[in-house]
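Dumped structure-v7.cif below, it's mmCIF, C-alpha atoms:
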```
data_upload
loop_
_atom_site.group_PDB
_atom_site.id
_atom_site.type_symbol
_atom_site.label_atom_id
_atom_site.label_comp_id
_atom_site.auth_asym_id
_atom_site.auth_seq_id
_atom_site.Cartn_x
_atom_site.Cartn_y
_atom_site.Cartn_z
ATOM 1 C CA GLN A 1 -67.186 -119.564 -187.868
ATOM 2 C CA VAL A 2 -68.639 -117.601 -184.967
ATOM 3 C CA GLN A 3 -67.684 -114.081 -183.965
ATOM 4 C CA VAL A 4 -68.252 -112.916 -180.418
ATOM 5 C CA MET A 5 -68.162 -109.255 -179.541
ATOM 6 C CA GLU A 6 -68.445 -107.693 -176.099
ATOM 7 C CA SER A 7 -69.115 -104.027 -175.424
ATOM 8 C CA GLY A 8 -70.085 -101.684 -172.641
ATOM 9 C CA GLY A 9 -67.022 -101.665 -170.443
ATOM 10 C CA GLY A 10 -65.450 -98.537 -169.061
ATOM 11 C CA LEU A 11 -64.268 -96.647 -166.027
ATOM 12 C CA VAL A 12 -66.716 -96.165 -163.179
ATOM 13 C CA GLN A 13 -66.520 -95.145 -159.547
ATOM 14 C CA ALA A 14 -67.222 -97.618 -156.792
ATOM 15 C CA GLY A 15 -70.957 -97.933 -156.263
ATOM 16 C CA GLY A 16 -71.715 -97.188 -159.879
ATOM 17 C CA SER A 17 -73.248 -99.329 -162.602
ATOM 18 C CA LEU A 18 -72.374 -100.604 -166.049
ATOM 19 C CA ARG A 19 -74.207 -102.752 -168.570
ATOM 20 C CA LEU A 20 -72.227 -105.116 -170.752
ATOM 21 C CA SER A 21 -73.495 -106.552 -174.013
ATOM 22 C CA CYS A 22 -72.402 -109.579 -176.009
ATOM 23 C CA LEU A 23 -73.427 -110.492 -179.530
ATOM 24 C CA ALA A 24 -72.514 -113.766 -181.188
ATOM 25 C CA SER A 25 -72.842 -113.881 -184.965
ATOM 26 C CA GLY A 26 -71.861 -115.994 -187.949
ATOM 27 C CA SER A 27 -74.501 -118.662 -188.095
ATOM 28 C CA THR A 28 -78.235 -118.522 -188.584
ATOM 29 C CA PHE A 29 -78.955 -121.309 -186.108
ATOM 30 C CA GLY A 30 -77.328 -123.181 -183.291
ATOM 31 C CA ILE A 31 -75.229 -120.584 -181.506
ATOM 32 C CA ASN A 32 -75.535 -120.732 -177.734
ATOM 33 C CA VAL A 33 -74.320 -117.663 -175.865
ATOM 34 C CA ARG A 34 -73.426 -119.154 -172.487
ATOM 35 C CA GLY A 35 -72.415 -116.343 -170.194
ATOM 36 C CA TRP A 36 -69.850 -114.005 -168.728
ATOM 37 C CA TYR A 37 -66.398 -114.593 -167.308
ATOM 38 C CA ARG A 38 -63.707 -112.196 -166.129
ATOM 39 C CA GLN A 39 -59.973 -112.092 -165.669
ATOM 40 C CA ALA A 40 -58.174 -109.687 -163.417
ATOM 41 C CA PRO A 41 -54.427 -109.023 -163.761
ATOM 42 C CA GLY A 42 -52.404 -111.906 -162.381
ATOM 43 C CA LYS A 43 -55.472 -114.066 -161.810
ATOM 44 C CA LEU A 44 -57.173 -116.912 -163.598
ATOM 45 C CA ARG A 45 -60.293 -116.383 -165.659
ATOM 46 C CA GLU A 46 -63.368 -116.958 -163.496
ATOM 47 C CA LEU A 47 -67.069 -117.432 -163.983
ATOM 48 C CA VAL A 48 -69.215 -114.379 -163.326
ATOM 49 C CA ALA A 49 -72.707 -115.310 -164.533
ATOM 50 C CA THR A 50 -73.932 -117.959 -166.900
ATOM 51 C CA PHE A 51 -77.036 -119.700 -168.158
ATOM 52 C CA ARG A 52 -77.406 -123.374 -167.368
ATOM 53 C CA THR A 53 -78.680 -125.761 -170.000
ATOM 54 C CA ASN A 54 -82.176 -125.583 -168.507
ATOM 55 C CA GLY A 55 -82.134 -121.801 -168.713
ATOM 56 C CA ASP A 56 -81.519 -121.156 -165.029
ATOM 57 C CA THR A 57 -78.932 -118.553 -164.128
ATOM 58 C CA ASN A 58 -75.751 -119.200 -162.190
ATOM 59 C CA TYR A 59 -73.749 -116.489 -160.429
ATOM 60 C CA ALA A 60 -70.422 -116.314 -158.689
ATOM 61 C CA ASP A 61 -70.912 -115.726 -154.971
ATOM 62 C CA SER A 62 -68.981 -112.472 -155.230
ATOM 63 C CA VAL A 63 -71.546 -110.908 -157.591
ATOM 64 C CA LYS A 64 -74.820 -112.366 -156.308
ATOM 65 C CA GLY A 65 -77.356 -109.656 -155.593
ATOM 66 C CA ARG A 66 -75.371 -107.080 -157.585
ATOM 67 C CA PHE A 67 -75.157 -108.445 -161.141
ATOM 68 C CA ILE A 68 -77.989 -109.620 -163.366
ATOM 69 C CA ILE A 69 -77.551 -111.661 -166.532
ATOM 70 C CA SER A 70 -80.203 -111.591 -169.233
ATOM 71 C CA ARG A 71 -80.519 -112.674 -172.832
ATOM 72 C CA ASP A 72 -82.386 -112.603 -176.101
ATOM 73 C CA VAL A 73 -81.969 -116.104 -177.486
ATOM 74 C CA ALA A 74 -83.340 -115.199 -180.917
ATOM 75 C CA LYS A 75 -80.757 -112.444 -181.282
ATOM 76 C CA ASN A 76 -77.818 -114.426 -179.814
ATOM 77 C CA THR A 77 -77.319 -111.601 -177.373
ATOM 78 C CA ILE A 78 -76.730 -111.513 -173.650
ATOM 79 C CA TRP A 79 -76.288 -108.661 -171.217
ATOM 80 C CA LEU A 80 -74.761 -108.224 -167.807
ATOM 81 C CA GLN A 81 -76.175 -105.473 -165.625
ATOM 82 C CA MET A 82 -73.579 -104.684 -162.988
ATOM 83 C CA ASN A 83 -74.669 -102.621 -159.997
ATOM 84 C CA SER A 84 -72.929 -101.554 -156.803
ATOM 85 C CA LEU A 85 -69.582 -102.069 -158.474
ATOM 86 C CA LYS A 86 -66.512 -102.576 -156.315
ATOM 87 C CA PRO A 87 -62.811 -102.075 -157.093
ATOM 88 C CA GLU A 88 -62.390 -105.853 -156.955
ATOM 89 C CA ASP A 89 -64.729 -106.139 -159.948
ATOM 90 C CA THR A 90 -61.996 -104.585 -162.074
ATOM 91 C CA ALA A 91 -61.146 -107.052 -164.830
ATOM 92 C CA VAL A 92 -61.499 -107.835 -168.499
ATOM 93 C CA TYR A 93 -64.933 -109.332 -169.008
ATOM 94 C CA TYR A 94 -65.365 -112.041 -171.615
ATOM 95 C CA CYS A 95 -68.384 -113.605 -173.226
ATOM 96 C CA ARG A 96 -68.411 -117.334 -173.967
ATOM 97 C CA SER A 97 -70.418 -118.926 -176.738
ATOM 98 C CA THR A 98 -70.638 -122.411 -178.170
ATOM 99 C CA TYR A 99 -71.552 -123.696 -181.606
ATOM 100 C CA SER A 100 -71.473 -127.257 -182.864
ATOM 101 C CA GLY A 101 -69.375 -128.375 -179.914
ATOM 102 C CA THR A 102 -66.765 -125.629 -180.267
ATOM 103 C CA GLU A 103 -66.181 -122.850 -177.778
ATOM 104 C CA TYR A 104 -65.808 -119.226 -178.868
ATOM 105 C CA TRP A 105 -64.642 -116.227 -176.864
ATOM 106 C CA GLY A 106 -64.667 -112.537 -177.595
ATOM 107 C CA GLN A 107 -61.749 -110.150 -177.174
ATOM 108 C CA GLY A 108 -63.158 -108.919 -173.901
ATOM 109 C CA THR A 109 -64.181 -105.530 -172.566
ATOM 110 C CA GLN A 110 -62.292 -103.762 -169.802
ATOM 111 C CA VAL A 111 -64.145 -102.781 -166.642
ATOM 112 C CA THR A 112 -62.276 -100.557 -164.216
ATOM 113 C CA VAL A 113 -63.796 -99.556 -160.889
ATOM 114 C CA SER A 114 -62.071 -96.763 -159.024
ATOM 115 C CA SER A 115 -62.267 -96.416 -155.252
#
```
As structure tokens, please, write out the structure in this file.
Amino acid sequence: QVQVMESGGGLVQAGGSLRLSCLASGSTFGINVRGWYRQAPGKLRELVATFRTNGDTNYADSVKGRFIISRDVAKNTIWLQMNSLKPEDTAVYYCRSTYSGTEYWGQGTQVTVSS
């Protein structure tokens, strides 16, 4: 069993910054923390930033140049540095991990950007 926990969300004014963290735990080997997704009210969950299999990063067009994803593979931890936040970034942010072919999601962390 894998547990995924996100943290770091909050309320911030437009133009501000937040740093999200995600830790996946429960196994000593084999967990792959894939990336960040978000879901705004009334909308489908969407990709924000992820790591490809080869380690390259992949960003949604809407966050390119503003968000930076990073990770510590040994610690099963990833981060999302979010700069120049906009009201349209308001959403619950989720971290996705995989282990032994199964997908795991955290409970999410709320990010609210006020105008």
- Task: Starting from the shown file, work through the PyMOL selection byres ((chain A and resi 106) around 8) and note down what comes out as a PyMOL selection string.
- Result: chain A and resi 3-6+94-96+104-105+107-108
- Task: Go through A:Tyr99, A:Tyr37, A:Tyr93, A:Phe51 one by one, measure the shortest atom-to-atom distance of each to Asp72 of chain A using all atoms listed in the file, and give the residue with the smallest value.
- Result: A:Phe51
- Task: For the file shown, report as a PyMOL selection string the outcome of the PyMOL selection byres ((chain A and resi 84) around 6) at residue level.
- Result: chain A and resi 15-16+83+85
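Between atom CA of Thr98 of chain A and atom CA of Val33 of chain A the interatomic distance comes to 6.4 Å.
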- Message: Around (-67.2, -104.1, -168.7), as given in the file, which residues come within 12 Å? Count all atoms listed in the file and list them as a PyMOL selection string.
- Response: chain A and resi 6-12+17-22+36-40+48+67+79-83+85+89-95+107-113
Atoms are missing here; could segment 102-113 of chain A be completed with all heavy atoms and written as a JSON list (two decimals), in the coordinates of the input?
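Once written, result37.json looks like this:
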```
[["chain", "number", "residue", "atom", "x", "y", "z"],
["A", 102, "THR", "N", -67.98, -126.44, -180.37],
["A", 102, "THR", "CA", -66.76, -125.63, -180.27],
["A", 102, "THR", "C", -67.05, -124.38, -179.44],
["A", 102, "THR", "O", -68.13, -123.82, -179.52],
["A", 102, "THR", "CB", -66.28, -125.22, -181.67],
["A", 102, "THR", "OG1", -66.00, -126.40, -182.43],
["A", 102, "THR", "CG2", -65.01, -124.38, -181.57],
["A", 103, "GLU", "N", -66.06, -124.01, -178.67],
["A", 103, "GLU", "CA", -66.18, -122.85, -177.78],
["A", 103, "GLU", "C", -65.59, -121.62, -178.45],
["A", 103, "GLU", "O", -64.54, -121.69, -179.07],
["A", 103, "GLU", "CB", -65.41, -123.16, -176.50],
["A", 103, "GLU", "CG", -65.65, -122.28, -175.33],
["A", 103, "GLU", "CD", -64.93, -122.83, -174.10],
["A", 103, "GLU", "OE1", -63.69, -122.78, -174.08],
["A", 103, "GLU", "OE2", -65.61, -123.30, -173.18],
["A", 104, "TYR", "N", -66.28, -120.48, -178.30],
["A", 104, "TYR", "CA", -65.81, -119.23, -178.87],
["A", 104, "TYR", "C", -65.82, -118.15, -177.80],
["A", 104, "TYR", "O", -66.76, -118.05, -177.00],
["A", 104, "TYR", "CB", -66.70, -118.79, -180.04],
["A", 104, "TYR", "CG", -66.67, -119.75, -181.21],
["A", 104, "TYR", "CD1", -67.56, -120.82, -181.26],
["A", 104, "TYR", "CD2", -65.77, -119.58, -182.24],
["A", 104, "TYR", "CE1", -67.53, -121.71, -182.33],
["A", 104, "TYR", "CE2", -65.74, -120.46, -183.32],
["A", 104, "TYR", "CZ", -66.62, -121.53, -183.35],
["A", 104, "TYR", "OH", -66.59, -122.40, -184.41],
["A", 105, "TRP", "N", -64.77, -117.33, -177.82],
["A", 105, "TRP", "CA", -64.64, -116.23, -176.86],
["A", 105, "TRP", "C", -64.45, -114.92, -177.63],
["A", 105, "TRP", "O", -63.85, -114.90, -178.70],
["A", 105, "TRP", "CB", -63.43, -116.44, -175.96],
["A", 105, "TRP", "CG", -63.54, -117.63, -175.07],
["A", 105, "TRP", "CD1", -63.21, -118.91, -175.37],
["A", 105, "TRP", "CD2", -64.00, -117.63, -173.71],
["A", 105, "TRP", "NE1", -63.43, -119.73, -174.28],
["A", 105, "TRP", "CE2", -63.91, -118.97, -173.25],
["A", 105, "TRP", "CE3", -64.46, -116.66, -172.83],
["A", 105, "TRP", "CZ2", -64.28, -119.35, -171.96],
["A", 105, "TRP", "CZ3", -64.83, -117.03, -171.55],
["A", 105, "TRP", "CH2", -64.74, -118.36, -171.12],
["A", 106, "GLY", "N", -64.93, -113.84, -177.03],
["A", 106, "GLY", "CA", -64.67, -112.54, -177.60],
["A", 106, "GLY", "C", -63.33, -112.01, -177.14],
["A", 106, "GLY", "O", -62.59, -112.69, -176.40],
["A", 107, "GLN", "N", -63.01, -110.78, -177.55],
["A", 107, "GLN", "CA", -61.75, -110.15, -177.17],
["A", 107, "GLN", "C", -61.80, -109.56, -175.77],
["A", 107, "GLN", "O", -60.76, -109.24, -175.19],
["A", 107, "GLN", "CB", -61.41, -109.04, -178.17],
["A", 107, "GLN", "CG", -61.08, -109.57, -179.56],
["A", 107, "GLN", "CD", -59.85, -110.45, -179.55],
["A", 107, "GLN", "OE1", -58.81, -110.07, -179.02],
["A", 107, "GLN", "NE2", -59.96, -111.64, -180.11],
["A", 108, "GLY", "N", -63.01, -109.45, -175.24],
["A", 108, "GLY", "CA", -63.16, -108.92, -173.90],
["A", 108, "GLY", "C", -63.39, -107.42, -173.87],
["A", 108, "GLY", "O", -63.06, -106.70, -174.82],
["A", 109, "THR", "N", -63.97, -106.96, -172.79],
["A", 109, "THR", "CA", -64.18, -105.53, -172.57],
["A", 109, "THR", "C", -63.70, -105.19, -171.17],
["A", 109, "THR", "O", -64.00, -105.90, -170.20],
["A", 109, "THR", "CB", -65.66, -105.14, -172.78],
["A", 109, "THR", "OG1", -65.82, -103.74, -172.67],
["A", 109, "THR", "CG2", -66.59, -105.83, -171.80],
["A", 110, "GLN", "N", -62.91, -104.13, -171.07],
["A", 110, "GLN", "CA", -62.29, -103.76, -169.80],
["A", 110, "GLN", "C", -63.29, -103.02, -168.91],
["A", 110, "GLN", "O", -63.93, -102.07, -169.34],
["A", 110, "GLN", "CB", -61.07, -102.87, -170.05],
["A", 110, "GLN", "CG", -60.41, -102.34, -168.79],
["A", 110, "GLN", "CD", -59.68, -103.41, -168.02],
["A", 110, "GLN", "OE1", -58.94, -104.20, -168.60],
["A", 110, "GLN", "NE2", -59.88, -103.46, -166.71],
["A", 111, "VAL", "N", -63.36, -103.47, -167.67],
["A", 111, "VAL", "CA", -64.14, -102.78, -166.64],
["A", 111, "VAL", "C", -63.18, -102.37, -165.55],
["A", 111, "VAL", "O", -62.46, -103.22, -165.00],
["A", 111, "VAL", "CB", -65.25, -103.69, -166.07],
["A", 111, "VAL", "CG1", -65.90, -103.03, -164.86],
["A", 111, "VAL", "CG2", -66.29, -104.00, -167.13],
["A", 112, "THR", "N", -63.14, -101.08, -165.26],
["A", 112, "THR", "CA", -62.28, -100.56, -164.22],
["A", 112, "THR", "C", -63.13, -99.80, -163.21],
["A", 112, "THR", "O", -63.86, -98.89, -163.58],
["A", 112, "THR", "CB", -61.20, -99.64, -164.80],
["A", 112, "THR", "OG1", -60.44, -100.35, -165.79],
["A", 112, "THR", "CG2", -60.26, -99.14, -163.71],
["A", 113, "VAL", "N", -63.02, -100.19, -161.95],
["A", 113, "VAL", "CA", -63.80, -99.56, -160.89],
["A", 113, "VAL", "C", -62.82, -98.84, -159.96],
["A", 113, "VAL", "O", -61.96, -99.48, -159.35],
["A", 113, "VAL", "CB", -64.63, -100.58, -160.11],
["A", 113, "VAL", "CG1", -65.50, -99.88, -159.08],
["A", 113, "VAL", "CG2", -65.49, -101.41, -161.06]]
```
